[in-house]
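**Q** Provided below: work-v9.csv, containing CSV, C-alpha atoms.
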```csv
chain,number,residue,atom,x,y,z
C,1,MET,CA,75.0,77.3,170.5
C,2,ARG,CA,73.0,77.5,173.8
C,3,GLU,CA,75.8,79.6,175.4
C,4,ARG,CA,75.9,82.0,172.5
C,5,LEU,CA,72.1,82.4,172.5
C,6,ARG,CA,72.1,83.7,176.1
C,7,ASP,CA,73.2,87.0,174.7
C,8,ASP,CA,70.7,89.4,173.1
C,9,ARG,CA,72.7,89.5,169.9
C,10,GLY,CA,75.8,88.1,168.4
C,11,THR,CA,77.2,85.8,165.7
C,12,LEU,CA,77.1,82.0,165.3
C,13,ASP,CA,80.8,81.8,164.3
C,14,MET,CA,81.6,79.2,167.0
C,15,LEU,CA,81.0,76.6,164.2
C,16,PRO,CA,82.7,76.7,160.8
C,17,TYR,CA,79.7,76.4,158.5
C,18,PRO,CA,77.5,79.2,160.1
C,19,ALA,CA,80.8,81.2,160.3
C,20,LEU,CA,81.3,80.7,156.5
C,21,LEU,CA,77.7,82.0,155.9
C,22,GLY,CA,78.4,84.8,158.4
C,23,LEU,CA,75.2,84.1,160.4
C,24,ALA,CA,74.3,86.6,163.1
C,25,PHE,CA,71.3,86.6,165.5
C,26,GLU,CA,69.2,88.9,167.6
C,27,ARG,CA,67.1,87.7,170.4
C,28,ASP,CA,63.8,89.3,171.5
C,29,GLY,CA,62.5,87.4,174.5
C,30,ASP,CA,61.8,83.8,173.4
C,31,GLU,CA,62.2,84.6,169.7
C,32,VAL,CA,65.5,84.5,167.9
C,33,ARG,CA,65.9,86.2,164.5
C,34,LEU,CA,68.8,85.2,162.3
C,35,ARG,CA,70.5,87.5,159.9
C,36,LEU,CA,72.5,86.4,156.8
C,37,PRO,CA,74.6,89.4,155.7
C,38,PHE,CA,74.9,89.5,151.9
C,39,GLU,CA,78.3,88.3,150.4
C,40,PRO,CA,79.1,87.7,146.7
C,41,ALA,CA,80.2,84.1,147.8
C,42,LEU,CA,76.5,83.3,148.5
C,43,ILE,CA,75.3,83.8,144.9
C,44,GLY,CA,73.9,80.8,143.1
C,45,SER,CA,72.7,82.3,139.8
C,46,PRO,CA,73.2,85.9,138.5
C,47,GLU,CA,72.2,88.3,141.3
C,48,ARG,CA,70.4,85.7,143.3
C,49,LEU,CA,71.2,83.9,146.5
C,50,HIS,CA,71.9,80.1,146.2
C,51,GLY,CA,69.0,78.0,147.2
C,52,GLY,CA,71.2,76.0,149.5
C,53,VAL,CA,72.3,79.1,151.4
C,54,VAL,CA,68.7,80.0,152.0
C,55,ALA,CA,68.1,76.4,153.2
C,56,GLY,CA,71.1,76.6,155.5
C,57,LEU,CA,69.8,79.8,157.0
C,58,LEU,CA,66.3,78.3,157.6
C,59,GLU,CA,67.9,75.2,159.1
C,60,PHE,CA,69.9,77.3,161.6
C,61,ALA,CA,66.9,79.4,162.4
C,62,GLY,CA,65.2,76.1,163.3
C,63,LEU,CA,68.1,74.9,165.4
C,64,ALA,CA,68.3,78.3,167.3
C,65,ALA,CA,64.5,78.3,168.0
C,66,LEU,CA,64.7,74.7,169.2
C,67,VAL,CA,67.7,75.3,171.5
C,68,LEU,CA,65.7,78.2,173.1
C,69,ALA,CA,62.6,76.1,173.4
C,70,LEU,CA,64.3,73.2,175.3
C,71,PRO,CA,64.5,73.4,179.1
C,72,ASP,CA,67.5,75.5,180.1
C,73,ASP,CA,68.2,73.3,183.2
C,74,ALA,CA,68.5,70.0,181.4
C,75,PRO,CA,71.5,68.8,179.2
C,76,LEU,CA,71.0,69.8,175.6
C,77,PRO,CA,70.3,66.8,173.4
C,78,THR,CA,72.2,66.2,170.2
C,79,LEU,CA,70.0,67.8,167.5
C,80,LYS,CA,70.1,66.0,164.2
C,81,PRO,CA,68.3,67.2,161.1
C,82,LEU,CA,65.9,64.5,159.8
C,83,THR,CA,64.0,66.2,157.0
C,84,ALA,CA,64.0,69.7,155.5
C,85,THR,CA,61.5,70.8,152.9
C,86,VAL,CA,62.0,74.3,151.4
C,87,ASP,CA,59.5,76.3,149.3
C,88,TYR,CA,61.2,79.0,147.3
C,89,LEU,CA,58.6,81.8,146.9
C,90,ARG,CA,60.6,84.7,145.6
C,91,ALA,CA,64.2,85.2,144.3
C,92,GLY,CA,66.6,86.1,147.1
C,93,GLY,CA,68.4,89.4,146.0
C,94,MET,CA,71.8,90.7,146.8
C,95,ARG,CA,71.0,92.1,150.3
C,96,ASP,CA,70.7,90.9,153.9
C,97,THR,CA,68.3,88.0,154.6
C,98,PHE,CA,66.5,87.3,157.9
C,99,ALA,CA,64.8,84.2,159.2
C,100,VAL,CA,62.8,83.0,162.2
C,101,ALA,CA,61.5,79.6,163.1
C,102,THR,CA,58.5,78.4,165.2
C,103,VAL,CA,58.5,75.1,167.1
C,104,MET,CA,55.1,73.6,166.2
C,105,ARG,CA,55.6,70.6,168.4
C,106,LEU,CA,58.3,69.7,170.8
C,107,GLY,CA,58.2,65.9,171.5
C,108,ARG,CA,60.6,63.8,173.5
C,109,ARG,CA,62.3,62.4,170.4
C,110,VAL,CA,61.4,64.7,167.5
C,111,ALA,CA,60.6,68.4,167.1
C,112,ASN,CA,58.5,69.8,164.2
C,113,LEU,CA,59.2,73.3,163.1
C,114,THR,CA,58.3,75.9,160.4
C,115,ALA,CA,60.7,78.6,159.4
C,116,VAL,CA,60.4,81.7,157.2
C,117,ALA,CA,63.0,83.8,155.5
C,118,TRP,CA,62.6,87.3,154.1
C,119,GLN,CA,64.5,90.3,152.9
C,120,TYR,CA,62.5,93.5,152.7
C,121,ASP,CA,59.4,92.6,154.6
C,122,HIS,CA,58.5,89.7,156.9
C,123,SER,CA,55.1,89.6,155.1
C,124,ARG,CA,56.8,89.0,151.7
C,125,PRO,CA,58.9,85.8,152.5
C,126,ILE,CA,61.4,84.6,150.0
C,127,ALA,CA,61.3,81.1,151.3
C,128,THR,CA,59.5,78.9,154.0
C,129,ALA,CA,60.6,75.6,155.4
C,130,LYS,CA,59.2,72.6,157.2
C,131,LEU,CA,61.9,71.1,159.4
C,132,ASN,CA,61.9,67.9,161.5
C,133,ILE,CA,64.7,67.5,163.9
C,134,ILE,CA,65.6,64.4,166.0
C,135,LEU,CA,66.5,65.0,169.7
C,136,ALA,CA,69.0,62.4,170.7
C,137,ALA,CA,70.0,62.1,174.3
C,138,VAL,CA,73.8,62.7,174.5
C,139,SER,CA,74.4,59.1,175.8
C,140,GLU,CA,72.5,57.5,172.9
C,141,SER,CA,73.9,59.6,170.0
C,142,GLU,CA,76.2,58.0,167.5
C,143,PRO,CA,79.8,59.2,167.7
C,144,ALA,CA,79.5,60.7,164.2
C,145,GLY,CA,76.4,62.6,165.2
Z,1,MET,CA,91.3,64.4,111.5
Z,2,SER,CA,88.3,62.5,110.0
Z,3,ASP,CA,84.9,64.2,109.9
Z,4,ALA,CA,83.6,61.8,112.6
Z,5,ALA,CA,86.5,62.7,114.8
Z,6,ALA,CA,86.0,66.4,114.2
Z,7,VAL,CA,82.3,66.1,115.1
Z,8,ASP,CA,83.3,64.2,118.3
Z,9,ALA,CA,85.9,66.8,119.2
Z,10,GLU,CA,83.4,69.6,118.6
Z,11,ARG,CA,80.8,67.8,120.8
Z,12,GLU,CA,83.5,67.4,123.5
Z,13,ALA,CA,84.4,71.0,123.4
Z,14,ARG,CA,80.8,72.1,123.5
Z,15,ASN,CA,80.3,69.8,126.5
Z,16,ALA,CA,83.3,71.2,128.3
Z,17,ARG,CA,82.1,74.8,127.7
Z,18,PHE,CA,78.6,73.8,129.1
Z,19,ILE,CA,80.2,72.4,132.3
Z,20,GLN,CA,82.5,75.4,132.6
Z,21,ARG,CA,79.7,77.9,132.2
Z,22,PHE,CA,77.6,76.2,134.9
Z,23,MET,CA,80.4,75.9,137.4
Z,24,ASP,CA,81.7,79.5,136.8
Z,25,GLY,CA,78.2,81.0,137.1
Z,26,VAL,CA,77.7,79.8,140.7
Z,27,PRO,CA,80.1,81.6,143.1
Z,28,HIS,CA,78.6,79.7,146.1
Z,29,LEU,CA,79.9,76.4,144.6
Z,30,LYS,CA,83.4,77.8,144.7
Z,31,ALA,CA,82.9,78.9,148.3
Z,32,LEU,CA,81.9,75.4,149.3
Z,33,GLY,CA,84.5,73.7,147.1
Z,34,ILE,CA,81.8,71.8,145.1
Z,35,GLY,CA,83.0,70.5,141.8
Z,36,TYR,CA,81.7,68.8,138.6
Z,37,HIS,CA,81.8,65.0,138.5
Z,38,ALA,CA,79.8,63.7,135.6
Z,39,HIS,CA,76.5,64.2,133.7
Z,40,GLY,CA,74.3,62.5,131.0
Z,41,ASP,CA,71.2,63.4,129.0
Z,42,ASP,CA,69.0,63.8,132.1
Z,43,TRP,CA,71.3,63.5,135.1
Z,44,ALA,CA,74.2,65.1,136.8
Z,45,GLU,CA,76.7,64.4,139.6
Z,46,LEU,CA,78.6,67.0,141.6
Z,47,VAL,CA,81.1,66.4,144.4
Z,48,LEU,CA,81.6,68.1,147.8
Z,49,PRO,CA,85.1,67.3,149.0
Z,50,TYR,CA,85.5,67.2,152.8
Z,51,SER,CA,86.5,70.5,154.3
Z,52,PRO,CA,86.9,71.6,158.0
Z,53,SER,CA,85.3,74.9,157.0
Z,54,LEU,CA,82.0,73.2,156.4
Z,55,ILE,CA,81.5,71.3,159.6
Z,56,VAL,CA,79.0,71.9,162.4
Z,57,ASP,CA,79.9,69.4,165.1
Z,58,ASP,CA,82.3,66.5,165.7
Z,59,GLY,CA,83.7,66.9,162.2
Z,60,VAL,CA,80.3,66.4,160.5
Z,61,ILE,CA,79.5,68.4,157.3
Z,62,ALA,CA,76.6,70.8,157.7
Z,63,SER,CA,73.3,69.7,156.3
Z,64,GLY,CA,73.1,73.1,154.6
Z,65,ALA,CA,76.2,72.3,152.5
Z,66,ILE,CA,74.6,69.0,151.4
Z,67,PHE,CA,71.4,71.0,150.6
Z,68,SER,CA,73.5,73.3,148.4
Z,69,LEU,CA,75.2,70.3,146.7
Z,70,MET,CA,71.8,68.7,145.9
Z,71,ASP,CA,70.1,71.9,144.8
Z,72,SER,CA,73.0,72.5,142.3
Z,73,ALA,CA,73.1,68.9,141.1
Z,74,ALA,CA,69.3,69.1,140.6
Z,75,GLY,CA,69.7,72.4,138.6
Z,76,PHE,CA,72.4,70.8,136.5
Z,77,ALA,CA,70.3,67.8,135.8
Z,78,VAL,CA,67.4,70.1,134.6
Z,79,PHE,CA,69.9,71.9,132.3
Z,80,ALA,CA,71.2,68.6,131.0
Z,81,ARG,CA,67.7,67.4,130.1
Z,82,LEU,CA,66.7,70.8,128.6
Z,83,LYS,CA,70.0,71.0,126.7
Z,84,SER,CA,70.2,74.7,127.6
Z,85,MET,CA,70.8,76.9,130.6
Z,86,ALA,CA,67.3,78.5,130.3
Z,87,GLY,CA,66.3,80.6,133.3
Z,88,HIS,CA,65.0,78.3,136.0
Z,89,ALA,CA,64.1,78.6,139.7
Z,90,THR,CA,63.8,76.0,142.4
Z,91,LEU,CA,60.1,75.7,143.4
Z,92,ASP,CA,60.6,73.3,146.3
Z,93,LEU,CA,63.3,70.9,147.4
Z,94,ARG,CA,63.1,68.3,150.1
Z,95,LEU,CA,66.0,66.4,151.7
Z,96,ASP,CA,65.7,63.4,154.0
Z,97,TYR,CA,68.9,63.0,156.0
Z,98,LEU,CA,69.2,59.2,156.3
Z,99,HIS,CA,72.4,59.1,158.4
Z,100,GLY,CA,75.2,61.4,159.4
Z,101,PRO,CA,78.0,61.9,156.8
Z,102,GLU,CA,81.3,60.3,157.6
Z,103,PRO,CA,83.9,62.9,158.4
Z,104,GLY,CA,86.8,63.2,155.9
Z,105,VAL,CA,85.0,61.5,153.0
Z,106,THR,CA,83.9,63.3,149.8
Z,107,ILE,CA,80.1,63.5,149.2
Z,108,VAL,CA,78.7,62.7,145.8
Z,109,GLY,CA,75.4,64.3,144.9
Z,110,ARG,CA,73.5,62.7,142.0
Z,111,ALA,CA,70.3,64.1,140.6
Z,112,ILE,CA,68.0,62.9,137.8
Z,113,CYS,CA,65.4,65.1,135.9
Z,114,TYR,CA,62.8,62.4,135.4
Z,115,ARG,CA,60.0,64.4,134.0
Z,116,LEU,CA,59.4,67.7,132.2
Z,117,THR,CA,56.1,69.4,131.5
Z,118,SER,CA,55.9,72.7,129.6
Z,119,SER,CA,56.9,74.7,132.7
Z,120,VAL,CA,57.9,72.3,135.4
Z,121,ALA,CA,60.9,70.0,135.8
Z,122,PHE,CA,60.7,67.1,138.4
Z,123,VAL,CA,64.0,65.9,139.9
Z,124,ARG,CA,65.0,63.3,142.4
Z,125,GLY,CA,68.3,62.2,143.6
Z,126,PHE,CA,70.5,61.2,146.5
Z,127,ALA,CA,73.9,61.9,148.2
Z,128,HIS,CA,76.4,59.2,149.1
Z,129,GLN,CA,80.0,58.7,150.1
Z,130,GLY,CA,81.2,56.1,147.7
Z,131,ASP,CA,78.5,53.5,148.0
Z,132,PRO,CA,75.3,54.5,146.1
Z,133,ALA,CA,73.5,51.6,147.8
Z,134,ARG,CA,74.0,53.4,151.2
Z,135,PRO,CA,72.8,57.0,150.5
Z,136,LEU,CA,73.2,59.5,153.3
Z,137,ALA,CA,70.4,61.8,152.0
Z,138,ASN,CA,67.5,61.5,149.6
Z,139,MET,CA,66.3,64.4,147.5
Z,140,ALA,CA,63.0,65.3,145.7
Z,141,GLY,CA,62.2,68.6,144.1
Z,142,THR,CA,60.5,70.7,141.4
Z,143,PHE,CA,61.8,73.5,139.3
Z,144,MET,CA,60.0,76.1,137.2
Z,145,TYR,CA,61.6,77.0,133.9
Z,146,GLY,CA,60.9,79.1,130.8
Z,147,GLY,CA,59.7,82.6,132.0
Z,148,ALA,CA,58.6,83.9,135.4
Z,149,ALA,CA,57.7,81.3,137.9
```
The structure given in the file should be rewritten as structure tokens.
**A**
Amino acid sequence: MRERLRDDRGTLDMLPYPALLGLAFERDGDEVRLRLPFEPALIGSPERLHGGVVAGLLEFAGLAALVLALPDDAPLPTLKPLTATVDYLRAGGMRDTFAVATVMRLGRRVANLTAVAWQYDHSRPIATAKLNIILAAVSESEPAG
Amino acid sequence: MSDAAAVDAEREARNARFIQRFMDGVPHLKALGIGYHAHGDDWAELVLPYSPSLIVDDGVIASGAIFSLMDSAAGFAVFARLKSMAGHATLDLRLDYLHGPEPGVTIVGRAICYRLTSSVAFVRGFAHQGDPARPLANMAGTFMYGGAA
């Protein structure tokens, strides 16, 4: 993902799950904004995005923000989701959805982030998330990750 | 067919329609390959078969796919307890990822709706890969139902 995020914009189709969601990104300096283009396969209940899709978007916004926050000249640790708490504020409609995440604290072993997803307007979020992600040095990570 | 058998058959048919309506109404479940497993008066189990299209790294299933599995299992558990598919919306959902899922193995998502108030359904549950005593994720959440959230 780090290689991909060196560009100003692109897709995250180097991995199957974000490719299935169709996730794209735009980078503006240190901030990376994810875009989830609407597809009928993302619907969970009539005319609404599935809650799990919104959670997946928020989690990837968190991973992208974390990758950019980590020092570029050191090996990228294995990033393992530890907890994800999503508040659903408004129904996600049948249109593109955006998300950004903020690293609240970057520790040696764990990072705490918040993420927000919106459709029409950043100030009217459809969901927010609190994400805790474990940073495992490559040598100490389990084979199954 | 005896009356009792007819009643049973009718209940079975109603049950099958309930399950079919739930699974057909959620296109994203089809996209992820999530299927029905079992349900009772206040609980439901859905399954997420292993698929290379859902992995993020080293063959590991994306946490987002597990989130979708648990959100839908929780929604089904709420329907099961309400005995209807009344409009409902997830208010919040938390997943603790206890260990990485084993590649190649189906994930079972079990949810229980353990309390209902006049507008809120409380759910909890977990995901496992065959041994419920060794869950790979724990879930807790709330849903609003019956009118606008």
**Q** Could you please select, counting all atoms listed in the file, the residues of chain C within 8 Å of chain Z and state them as JSON, numbers by chain?
**A** {"C": [15, 16, 17, 18, 20, 40, 41, 42, 43, 44, 45, 46, 50, 51, 52, 53, 55, 56, 57, 59, 81, 82, 83, 84, 85, 86, 87, 88, 89, 143, 144, 145]}
**Q** So which residues fall inside 7 Å of (68.1, 87.8, 153.8) if we count all atoms listed in the file? Mind giving them as an MDAnalysis selection string?
**A** chainID C and resid 35:37 95:98 117:119
**Q** Measure the distance from atom CA of C:Thr78 to atom CA of C:Arg4 in Å and round it to one decimal.
**A**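 Atom-to-atom, atom CA of C:Thr78 to atom CA of C:Arg4, that is 16.4 Å.
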**Q** Using only C-alpha atoms, which residue out of Z:Gln129, Z:Thr106, Z:Thr117, Z:Asn15 lies closest to Z:Gly40?
**A**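 Comparing Z:Gln129, Z:Thr106, Z:Thr117, Z:Asn15 against Z:Gly40, the winner is Z:Asn15.
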**Q** Enter the distance from atom CA of C:Ala136 to atom CA of C:Lys80, in Å, rounded to one decimal.
**A** 7.5 Å
**Q** Between C:Ala61, C:Ala111, C:Leu68, C:Leu23, which is the closest to C:Leu5 once you count all atoms listed in the file?
**A**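 Of C:Ala61, C:Ala111, C:Leu68, C:Leu23, the one nearest C:Leu5 is C:Leu68, counting all atoms listed in the file.
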**Q** For C:Gly62, please output as a list in words all residues within 7 Å (counting only C-alpha atoms; exclusion window: fewer than 6 positions along the same chain).
**A** Ala101, Leu113 and Ala115 of chain C
**Q** If I take atom CA of Z:Gly109 and atom CA of C:Val116, how far is one from the other in Å, to one decimal?
**A** 26.1 Å
**Q** Taking all atoms listed in the file into account, name the residue in C:Pro71, C:Gly93, C:Pro77, C:Gly10 that is nearest to C:Arg109.
**A**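 Once distances to C:Arg109 are computed over all atoms listed in the file, the minimum belongs to C:Pro77.
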